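Trainee: As input, take input16.txt (compact mmCIF, C-alpha atoms and all ligand atoms):
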# COMPACT_ATOMS: atom_id res chain seq x y z
CA MET A 1 -219.65 -112.40 -138.73
CA HIS A 2 -219.82 -115.75 -140.49
CA ARG A 3 -219.75 -115.71 -144.24
CA LYS A 4 -222.16 -117.80 -146.29
CA LEU A 5 -220.83 -120.07 -148.97
CA THR A 6 -222.77 -119.56 -152.17
CA GLY A 7 -220.91 -120.92 -155.18
CA PRO A 8 -218.67 -123.91 -155.86
CA LEU A 9 -215.68 -124.75 -153.72
CA VAL A 10 -212.43 -126.56 -154.04
CA ALA A 11 -211.83 -129.47 -151.69
CA ALA A 12 -208.28 -128.84 -150.56
CA THR A 13 -207.36 -132.46 -149.95
CA HIS A 14 -205.35 -135.15 -151.70
CA ASN A 15 -206.84 -137.86 -149.49
CA ALA A 16 -209.44 -139.87 -151.42
CA GLY A 17 -211.26 -140.94 -148.23
CA LYS A 18 -211.69 -137.36 -147.05
CA LEU A 19 -212.74 -136.20 -150.51
CA ARG A 20 -215.47 -138.83 -150.57
CA GLU A 21 -216.71 -137.70 -147.14
CA PHE A 22 -216.63 -134.01 -148.19
CA ARG A 23 -218.74 -134.79 -151.26
CA GLU A 24 -221.23 -136.79 -149.20
CA LEU A 25 -221.48 -134.08 -146.54
CA LEU A 26 -221.96 -131.29 -149.08
CA GLU A 27 -224.31 -133.21 -151.37
CA PRO A 28 -227.58 -132.09 -149.72
CA TRP A 29 -226.46 -128.46 -150.02
CA ARG A 30 -225.99 -128.71 -153.77
CA ILE A 31 -222.59 -127.10 -153.64
CA ALA A 32 -220.37 -128.13 -156.53
CA VAL A 33 -217.11 -129.61 -155.31
CA VAL A 34 -213.98 -129.65 -157.39
CA SER A 35 -210.98 -131.40 -155.92
CA ALA A 36 -207.44 -130.12 -155.56
CA GLY A 37 -206.35 -133.16 -157.56
CA ASP A 38 -208.71 -132.28 -160.46
CA LEU A 39 -207.19 -128.80 -160.60
CA GLY A 40 -203.67 -130.17 -160.39
CA LEU A 41 -202.94 -128.19 -157.23
CA PRO A 42 -199.76 -129.17 -155.40
CA GLU A 43 -199.94 -130.72 -151.93
CA PRO A 44 -198.63 -128.04 -149.54
CA GLU A 45 -196.15 -129.04 -146.88
CA GLU A 46 -197.87 -129.22 -143.48
CA THR A 47 -195.48 -127.09 -141.46
CA GLY A 48 -197.94 -126.03 -138.74
CA ASP A 49 -197.81 -127.45 -135.24
CA THR A 50 -201.58 -127.58 -134.68
CA PHE A 51 -204.52 -129.05 -136.58
CA GLU A 52 -205.87 -125.53 -137.01
CA ALA A 53 -202.64 -124.14 -138.46
CA ASN A 54 -202.30 -126.98 -140.95
CA ALA A 55 -205.95 -126.78 -142.02
CA LYS A 56 -205.57 -123.04 -142.64
CA LEU A 57 -202.36 -123.53 -144.55
CA LYS A 58 -204.01 -126.10 -146.86
CA ALA A 59 -207.21 -124.08 -147.34
CA PHE A 60 -205.41 -120.81 -148.14
CA ALA A 61 -202.98 -122.48 -150.56
CA ALA A 62 -205.91 -123.92 -152.51
CA ALA A 63 -208.13 -120.82 -152.32
CA ARG A 64 -205.38 -118.59 -153.66
CA ALA A 65 -204.35 -120.98 -156.41
CA ALA A 66 -207.90 -121.80 -157.52
CA LYS A 67 -209.31 -118.30 -156.90
CA MET A 68 -212.36 -119.73 -155.19
CA PRO A 69 -213.34 -120.73 -151.65
CA ALA A 70 -211.53 -123.82 -150.43
CA LEU A 71 -212.46 -126.36 -147.78
CA ALA A 72 -209.64 -128.14 -145.94
CA ASP A 73 -209.55 -130.64 -143.11
CA ASP A 74 -206.63 -131.37 -140.89
CA SER A 75 -207.34 -134.32 -138.72
CA GLY A 76 -205.81 -137.11 -136.79
CA LEU A 77 -205.96 -139.76 -134.13
CA CYS A 78 -204.81 -138.72 -130.65
CA VAL A 79 -203.98 -141.58 -128.30
CA GLU A 80 -204.14 -140.66 -124.62
CA ALA A 81 -201.41 -143.00 -123.36
CA LEU A 82 -199.10 -141.77 -126.14
CA ASP A 83 -199.47 -138.12 -125.09
CA GLY A 84 -201.73 -137.39 -128.06
CA ALA A 85 -199.60 -139.09 -130.74
CA PRO A 86 -199.81 -139.58 -133.64
CA GLY A 87 -202.01 -136.41 -133.64
CA ILE A 88 -200.97 -134.02 -136.39
CA TYR A 89 -198.53 -136.67 -137.59
CA SER A 90 -201.28 -139.26 -138.23
CA ALA A 91 -200.80 -139.28 -142.01
CA ARG A 92 -197.00 -139.22 -141.65
CA TRP A 93 -197.01 -142.38 -139.47
CA ALA A 94 -198.23 -144.21 -142.58
CA GLY A 95 -195.09 -143.20 -144.51
CA GLY A 96 -194.72 -142.28 -148.17
CA SER A 97 -196.59 -145.39 -149.29
CA LYS A 98 -199.56 -144.45 -147.05
CA ASP A 99 -199.51 -147.83 -145.36
CA PHE A 100 -202.11 -147.50 -142.61
CA SER A 101 -201.86 -151.10 -141.61
CA ALA A 102 -198.24 -150.34 -140.65
CA ALA A 103 -199.37 -147.14 -138.90
CA MET A 104 -201.99 -149.07 -136.87
CA THR A 105 -199.39 -151.68 -135.94
CA ARG A 106 -197.08 -148.89 -134.76
CA VAL A 107 -199.85 -147.50 -132.54
CA GLN A 108 -200.32 -150.94 -130.96
CA GLN A 109 -196.58 -151.50 -130.54
CA GLU A 110 -196.08 -148.12 -128.88
CA LEU A 111 -198.98 -148.77 -126.50
CA LEU A 112 -197.49 -152.15 -125.59
CA ALA A 113 -194.04 -150.59 -125.19
CA VAL A 114 -195.27 -148.07 -122.60
CA LYS A 115 -197.43 -150.78 -120.95
CA ALA A 116 -200.48 -148.57 -121.31
CA PRO A 117 -203.36 -149.89 -119.20
CA ARG A 118 -206.51 -150.88 -121.10
CA PRO A 119 -208.90 -149.57 -122.29
CA TRP A 120 -206.75 -147.64 -124.73
CA ARG A 121 -208.52 -144.29 -124.93
CA ALA A 122 -208.22 -142.16 -128.04
CA HIS A 123 -210.04 -139.49 -129.98
CA PHE A 124 -210.18 -138.20 -133.51
CA ILE A 125 -210.03 -134.47 -134.18
CA SER A 126 -211.13 -132.76 -137.36
CA ALA A 127 -210.20 -129.12 -137.94
CA LEU A 128 -212.29 -127.81 -140.83
CA VAL A 129 -211.45 -124.54 -142.53
CA ILE A 130 -213.08 -122.64 -145.36
CA ALA A 131 -210.77 -119.96 -146.74
CA TRP A 132 -211.66 -117.41 -149.40
CA PRO A 133 -209.19 -115.82 -151.84
CA ASP A 134 -209.74 -112.44 -150.11
CA ASP A 135 -208.37 -113.94 -146.84
CA HIS A 136 -211.69 -114.41 -145.03
CA VAL A 137 -211.55 -117.62 -143.02
CA GLU A 138 -213.95 -119.80 -141.06
CA TYR A 139 -212.80 -122.47 -138.60
CA PHE A 140 -214.67 -125.35 -136.91
CA GLU A 141 -213.43 -128.28 -134.84
CA GLY A 142 -215.09 -131.64 -134.15
CA ARG A 143 -214.06 -134.48 -131.88
CA VAL A 144 -215.16 -138.05 -131.21
CA ASP A 145 -213.94 -140.13 -128.27
CA GLY A 146 -213.50 -143.87 -128.11
CA THR A 147 -211.16 -146.78 -127.53
CA LEU A 148 -208.65 -148.57 -129.71
CA VAL A 149 -209.22 -152.22 -130.52
CA PHE A 150 -206.80 -154.70 -132.07
CA PRO A 151 -206.66 -156.47 -134.45
CA PRO A 152 -208.12 -153.94 -136.92
CA LYS A 153 -211.69 -154.75 -137.94
CA GLY A 154 -213.72 -153.99 -141.06
CA ASN A 155 -212.89 -152.65 -144.51
CA ASN A 156 -214.93 -149.48 -144.52
CA GLY A 157 -213.73 -145.92 -144.15
CA PHE A 158 -210.02 -145.12 -144.37
CA GLY A 159 -206.91 -144.45 -142.31
CA TYR A 160 -207.22 -145.57 -138.68
CA ASP A 161 -210.95 -146.42 -138.89
CA PRO A 162 -210.43 -150.20 -138.39
CA ILE A 163 -209.03 -149.75 -134.85
CA PHE A 164 -211.42 -147.07 -133.58
CA LEU A 165 -214.48 -147.99 -131.54
CA PRO A 166 -216.50 -144.85 -130.77
CA ASP A 167 -217.98 -144.65 -127.27
CA GLY A 168 -221.50 -146.06 -127.00
CA HIS A 169 -221.16 -148.29 -130.08
CA SER A 170 -220.50 -151.99 -130.49
CA ARG A 171 -219.01 -151.73 -133.99
CA GLY A 172 -215.98 -149.71 -134.99
CA PHE A 173 -215.64 -147.07 -137.73
CA GLY A 174 -214.15 -149.70 -140.05
CA GLU A 175 -217.35 -151.74 -139.81
CA MET A 176 -219.81 -148.86 -140.18
CA SER A 177 -221.50 -147.61 -143.31
CA ALA A 178 -220.71 -144.10 -144.51
CA GLU A 179 -224.12 -143.02 -143.24
CA GLU A 180 -223.48 -144.39 -139.74
CA LYS A 181 -220.01 -142.87 -139.51
CA HIS A 182 -220.62 -139.41 -140.89
CA GLY A 183 -224.31 -139.06 -141.74
CA ILE A 184 -225.96 -135.86 -140.50
CA PRO A 185 -229.04 -136.76 -138.43
CA ALA A 186 -232.18 -135.16 -139.83
CA ASP A 187 -233.45 -134.34 -136.31
CA GLY A 188 -230.50 -132.04 -135.62
CA SER A 189 -228.89 -134.35 -133.04
CA LEU A 190 -225.12 -134.75 -132.88
CA ALA A 191 -223.46 -136.64 -135.74
CA LEU A 192 -220.95 -139.36 -134.86
CA SER A 193 -217.63 -138.71 -136.56
CA HIS A 194 -215.28 -135.85 -135.75
CA ARG A 195 -215.52 -134.58 -139.34
CA ALA A 196 -219.32 -134.74 -139.41
CA ARG A 197 -219.46 -132.91 -136.06
CA ALA A 198 -217.22 -130.14 -137.37
CA PHE A 199 -219.30 -130.07 -140.53
CA GLN A 200 -222.51 -129.61 -138.54
CA MET A 201 -221.04 -126.42 -137.09
CA LEU A 202 -219.82 -125.30 -140.50
CA ALA A 203 -223.26 -125.92 -142.02
CA ARG A 204 -224.98 -123.88 -139.32
CA ALA A 205 -222.61 -120.96 -139.83
CA CYS A 206 -221.87 -120.95 -143.55
CA LEU A 207 -224.44 -122.92 -145.53
P1 LIG B 1 -204.80 -133.95 -146.95
O1 LIG B 1 -203.83 -133.21 -146.08
O2 LIG B 1 -204.48 -133.89 -148.41
O3 LIG B 1 -206.23 -133.60 -146.65
P2 LIG B 1 -203.90 -136.19 -145.36
O4 LIG B 1 -204.24 -137.64 -145.35
O5 LIG B 1 -202.45 -135.82 -145.43
O6 LIG B 1 -204.70 -135.52 -146.58
P3 LIG B 1 -204.05 -135.09 -142.71
O7 LIG B 1 -202.71 -134.48 -142.79
O8 LIG B 1 -205.16 -134.30 -142.11
O9 LIG B 1 -204.58 -135.51 -144.15
O10 LIG B 1 -203.91 -136.47 -141.98
C1 LIG B 1 -204.93 -136.99 -141.24
C2 LIG B 1 -204.76 -138.49 -141.11
O11 LIG B 1 -205.49 -138.88 -139.93
C3 LIG B 1 -205.38 -139.22 -142.28
O12 LIG B 1 -204.44 -139.53 -143.27
C4 LIG B 1 -205.95 -140.45 -141.60
O13 LIG B 1 -205.00 -141.43 -141.54
C5 LIG B 1 -206.25 -140.01 -140.19
N1 LIG B 1 -207.69 -139.73 -140.12
C6 LIG B 1 -208.29 -138.52 -140.16
N2 LIG B 1 -209.61 -138.65 -140.17
C7 LIG B 1 -209.86 -139.97 -140.15
C8 LIG B 1 -211.03 -140.73 -140.17
O14 LIG B 1 -212.24 -140.17 -140.26
N3 LIG B 1 -210.91 -142.05 -140.13
C9 LIG B 1 -209.70 -142.64 -140.08
N4 LIG B 1 -208.55 -142.00 -140.09
C10 LIG B 1 -208.62 -140.65 -140.11
Could you write out this file's structure as structure tokens?
Ligand code: ITT
Mentor:
Amino acid sequence: MHRKLTGPLVAATHNAGKLREFRELLEPWRIAVVSAGDLGLPEPEETGDTFEANAKLKAFAAARAAKMPALADDSGLCVEALDGAPGIYSARWAGGSKDFSAAMTRVQQELLAVKAPRPWRAHFISALVIAWPDDHVEYFEGRVDGTLVFPPKGNNGFGYDPIFLPDGHSRGFGEMSAEEKHGIPADGSLALSHRARAFQMLARACL
């Protein structure tokens, strides 16, 4: 049985781009969001070897520390010709200084090194977890497919957005508004981004 979320929640993320998207996604539901940063919660080490394991680890760490439900996302860019890399290591490819321009360059260099034929197919995955302090957990996963384009384009979004062109679109995530990338269509049709797609499932089950 799914559990409904009634009160406020803690956003178990230290990534400002994700936090912004969480707030925008939750805004229509009038659920108060307090961030892990606001509460001074430490950033847990991501020791899992799947998106799901890491999302659960982050959500439970925050839910137990804050004593309230916590929402976590573990996500990443999976490049077909690189056997799914960087995948769960997407944030780590940017290094301690979180340099995503270096991470995007590394993706391009690795594709060139293996002489990957174009188009360079890739997808984003978002594993969303709500965990409660009493150990109840809800899990949802969203995915969006597309191709990688270089050089990076646009200043919107975060992370690998400037190199990702979702299928069926002529502009990449880095060039899209927040509403285009992760808005929830009022008519119930499928949202575009991986995180918004996972959130649609979460909303149906828990909100
Ligand atoms: P938290 O664990 O604190 O939430 P993080 O940045 O470490 O923050 P992840 O371990 O889930 O989060 O790393 C996912 C990385 O994948 C993230 O840093 C981005 O670089 C990339 N990514 C995920 N979703 C993305 C999106 O919508 N657009 C662009 N890049 C994205």
Trainee: Given the choices A:Leu19, A:Ala81, A:Leu41, A:Ala102, which gets closest to Ala63 in chain A if the distance is worked out from all atoms listed in the file?
Mentor: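 Residue with the minimum atom-to-atom distance to Ala63 in chain A: A:Leu41.
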Trainee: If you take every atom of ligand LIG 1 (chain B) that the file lists and fit an axis-aligned box around them with 4 Å extra on each side, what centre and edge lengths come out in Å to one decimal, as AutoDock Vina command-line options?
Mentor:
--center_x -207.3 --center_y -137.9 --center_z -144.2 --size_x 17.8 --size_y 17.4 --size_z 16.5
Trainee: Neighbours of ligand LIG 1 (chain B) within 7 Å, counting all atoms listed in the file, as a ChimeraX atom specification?
Mentor: /A:12-15,18,43,72-77,88-91,100,124,126,157-161,193-195
Trainee: When you count all atoms listed in the file, which of these residues is closest to Glu141 in chain A: A:Asp167, A:Glu52, A:Asp83, A:Asp99?
Mentor: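 That would be A:Glu52, the residue with the smallest distance to Glu141 in chain A.
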Trainee: Sort by chain and increasing residue number a table of all residues of range 70-153 of chain A within 12 Å of range 172-183 of chain A, each with its closest pair of atoms and their distance in Å to one decimal, counting only C-alpha atoms, and write it as CSV.
Mentor:
residue,atom,partner,partner_atom,distance
A:Phe124,CA,A:Phe173,CA,11.2
A:Gly142,CA,A:His182,CA,11.7
A:Val144,CA,A:Lys181,CA,10.8
A:Asp145,CA,A:Phe173,CA,11.9
A:Gly146,CA,A:Gly172,CA,9.4
A:Thr147,CA,A:Gly172,CA,9.4
A:Leu148,CA,A:Gly172,CA,9.1
A:Val149,CA,A:Gly172,CA,8.5
A:Phe150,CA,A:Gly172,CA,10.8
A:Pro151,CA,A:Gly172,CA,11.5
A:Pro152,CA,A:Gly174,CA,8.0
A:Lys153,CA,A:Gly174,CA,6.0
Trainee: Emit the selected residues as a compact mmCIF listing (two decimals), keeping the file's coordinate frame, including C-alpha atoms.
Mentor:
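See part-v3.txt below for the written result:
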# COMPACT_ATOMS: atom_id res chain seq x y z
CA PHE A 124 -210.18 -138.20 -133.51
CA GLY A 142 -215.09 -131.64 -134.15
CA VAL A 144 -215.16 -138.05 -131.21
CA ASP A 145 -213.94 -140.13 -128.27
CA GLY A 146 -213.50 -143.87 -128.11
CA THR A 147 -211.16 -146.78 -127.53
CA LEU A 148 -208.65 -148.57 -129.71
CA VAL A 149 -209.22 -152.22 -130.52
CA PHE A 150 -206.80 -154.70 -132.07
CA PRO A 151 -206.66 -156.47 -134.45
CA PRO A 152 -208.12 -153.94 -136.92
CA LYS A 153 -211.69 -154.75 -137.94
Trainee: Env of Asp38 in chain A: 10 Å cut, atoms = only C-alpha atoms, seq-sep filter 2 positions within chain, self excluded. Answer as JSON, numbers by chain.
Mentor: {"A": [10, 11, 14, 34, 35, 36, 40, 41]}
Trainee: What gap, in Å, lies between CA of Cys206 in chain A and CA of Ala131 in chain A?
Mentor: 11.6 Å
Trainee: Of the candidates A:Phe199, A:Pro162, A:Arg121, A:Phe51, which one gets nearest to Arg23 in chain A if we count all atoms listed in the file?
Mentor: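 Selected residue with least distance to Arg23 in chain A: A:Phe199.
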Trainee: Mind filling out range 113-133 of chain A with N, CA, C and O atoms and sending it as a PDB file, in the coordinates of the input?
Mentor:
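Once written, rebuild.pdb looks like this:
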ATOM      1  N   ALA A 113    -195.363-150.974-125.683  1.00  0.00           N
ATOM      2  CA  ALA A 113    -194.040-150.590-125.190  1.00  0.00           C
ATOM      3  C   ALA A 113    -194.132-149.756-123.914  1.00  0.00           C
ATOM      4  O   ALA A 113    -193.291-149.892-123.022  1.00  0.00           O
ATOM      5  N   VAL A 114    -195.159-148.893-123.821  1.00  0.00           N
ATOM      6  CA  VAL A 114    -195.270-148.070-122.600  1.00  0.00           C
ATOM      7  C   VAL A 114    -196.161-148.756-121.545  1.00  0.00           C
ATOM      8  O   VAL A 114    -196.498-148.156-120.529  1.00  0.00           O
ATOM      9  N   LYS A 115    -196.567-150.009-121.850  1.00  0.00           N
ATOM     10  CA  LYS A 115    -197.430-150.780-120.950  1.00  0.00           C
ATOM     11  C   LYS A 115    -198.674-149.979-120.558  1.00  0.00           C
ATOM     12  O   LYS A 115    -199.036-149.886-119.368  1.00  0.00           O
ATOM     13  N   ALA A 116    -199.292-149.389-121.564  1.00  0.00           N
ATOM     14  CA  ALA A 116    -200.480-148.570-121.310  1.00  0.00           C
ATOM     15  C   ALA A 116    -201.620-149.450-120.814  1.00  0.00           C
ATOM     16  O   ALA A 116    -201.917-150.483-121.435  1.00  0.00           O
ATOM     17  N   PRO A 117    -202.252-149.072-119.675  1.00  0.00           N
ATOM     18  CA  PRO A 117    -203.360-149.890-119.200  1.00  0.00           C
ATOM     19  C   PRO A 117    -204.567-149.788-120.134  1.00  0.00           C
ATOM     20  O   PRO A 117    -204.793-148.743-120.743  1.00  0.00           O
ATOM     21  N   ARG A 118    -205.301-150.897-120.275  1.00  0.00           N
ATOM     22  CA  ARG A 118    -206.510-150.880-121.100  1.00  0.00           C
ATOM     23  C   ARG A 118    -207.674-150.354-120.275  1.00  0.00           C
ATOM     24  O   ARG A 118    -207.636-150.519-119.063  1.00  0.00           O
ATOM     25  N   PRO A 119    -208.717-149.792-120.858  1.00  0.00           N
ATOM     26  CA  PRO A 119    -208.900-149.570-122.290  1.00  0.00           C
ATOM     27  C   PRO A 119    -207.988-148.473-122.807  1.00  0.00           C
ATOM     28  O   PRO A 119    -207.649-147.533-122.083  1.00  0.00           O
ATOM     29  N   TRP A 120    -207.615-148.622-124.081  1.00  0.00           N
ATOM     30  CA  TRP A 120    -206.750-147.640-124.730  1.00  0.00           C
ATOM     31  C   TRP A 120    -207.605-146.513-125.284  1.00  0.00           C
ATOM     32  O   TRP A 120    -208.217-146.640-126.334  1.00  0.00           O
ATOM     33  N   ARG A 121    -207.658-145.413-124.541  1.00  0.00           N
ATOM     34  CA  ARG A 121    -208.520-144.290-124.930  1.00  0.00           C
ATOM     35  C   ARG A 121    -207.883-143.456-126.038  1.00  0.00           C
ATOM     36  O   ARG A 121    -206.661-143.233-126.038  1.00  0.00           O
ATOM     37  N   ALA A 122    -208.723-142.987-126.928  1.00  0.00           N
ATOM     38  CA  ALA A 122    -208.220-142.160-128.040  1.00  0.00           C
ATOM     39  C   ALA A 122    -209.362-141.294-128.555  1.00  0.00           C
ATOM     40  O   ALA A 122    -210.534-141.551-128.250  1.00  0.00           O
ATOM     41  N   HIS A 123    -209.004-140.267-129.292  1.00  0.00           N
ATOM     42  CA  HIS A 123    -210.040-139.490-129.980  1.00  0.00           C
ATOM     43  C   HIS A 123    -209.539-139.034-131.330  1.00  0.00           C
ATOM     44  O   HIS A 123    -208.329-138.911-131.542  1.00  0.00           O
ATOM     45  N   PHE A 124    -210.486-138.819-132.224  1.00  0.00           N
ATOM     46  CA  PHE A 124    -210.180-138.200-133.510  1.00  0.00           C
ATOM     47  C   PHE A 124    -210.545-136.726-133.415  1.00  0.00           C
ATOM     48  O   PHE A 124    -211.567-136.367-132.806  1.00  0.00           O
ATOM     49  N   ILE A 125    -209.731-135.903-134.046  1.00  0.00           N
ATOM     50  CA  ILE A 125    -210.030-134.470-134.180  1.00  0.00           C
ATOM     51  C   ILE A 125    -210.125-134.148-135.670  1.00  0.00           C
ATOM     52  O   ILE A 125    -209.324-134.652-136.475  1.00  0.00           O
ATOM     53  N   SER A 126    -211.089-133.308-136.004  1.00  0.00           N
ATOM     54  CA  SER A 126    -211.130-132.760-137.360  1.00  0.00           C
ATOM     55  C   SER A 126    -211.197-131.244-137.265  1.00  0.00           C
ATOM     56  O   SER A 126    -212.098-130.694-136.641  1.00  0.00           O
ATOM     57  N   ALA A 127    -210.202-130.585-137.851  1.00  0.00           N
ATOM     58  CA  ALA A 127    -210.200-129.120-137.940  1.00  0.00           C
ATOM     59  C   ALA A 127    -210.614-128.776-139.366  1.00  0.00           C
ATOM     60  O   ALA A 127    -209.909-129.119-140.313  1.00  0.00           O
ATOM     61  N   LEU A 128    -211.779-128.160-139.498  1.00  0.00           N
ATOM     62  CA  LEU A 128    -212.290-127.810-140.830  1.00  0.00           C
ATOM     63  C   LEU A 128    -212.150-126.310-141.046  1.00  0.00           C
ATOM     64  O   LEU A 128    -212.536-125.513-140.179  1.00  0.00           O
ATOM     65  N   VAL A 129    -211.624-125.957-142.204  1.00  0.00           N
ATOM     66  CA  VAL A 129    -211.450-124.540-142.530  1.00  0.00           C
ATOM     67  C   VAL A 129    -212.018-124.262-143.908  1.00  0.00           C
ATOM     68  O   VAL A 129    -211.798-125.046-144.844  1.00  0.00           O
ATOM     69  N   ILE A 130    -212.783-123.182-144.021  1.00  0.00           N
ATOM     70  CA  ILE A 130    -213.080-122.640-145.360  1.00  0.00           C
ATOM     71  C   ILE A 130    -212.311-121.329-145.455  1.00  0.00           C
ATOM     72  O   ILE A 130    -212.439-120.456-144.578  1.00  0.00           O
ATOM     73  N   ALA A 131    -211.510-121.209-146.491  1.00  0.00           N
ATOM     74  CA  ALA A 131    -210.770-119.960-146.740  1.00  0.00           C
ATOM     75  C   ALA A 131    -211.206-119.401-148.078  1.00  0.00           C
ATOM     76  O   ALA A 131    -211.480-120.160-149.013  1.00  0.00           O
ATOM     77  N   TRP A 132    -211.312-118.087-148.144  1.00  0.00           N
ATOM     78  CA  TRP A 132    -211.660-117.410-149.400  1.00  0.00           C
ATOM     79  C   TRP A 132    -210.410-116.711-149.941  1.00  0.00           C
ATOM     80  O   TRP A 132    -209.506-116.341-149.149  1.00  0.00           O
ATOM     81  N   PRO A 133    -210.371-116.472-151.255  1.00  0.00           N
ATOM     82  CA  PRO A 133    -209.190-115.820-151.840  1.00  0.00           C
ATOM     83  C   PRO A 133    -208.935-114.419-151.265  1.00  0.00           C
ATOM     84  O   PRO A 133    -207.817-113.919-151.322  1.00  0.00           O
TER      85      PRO A 133
END
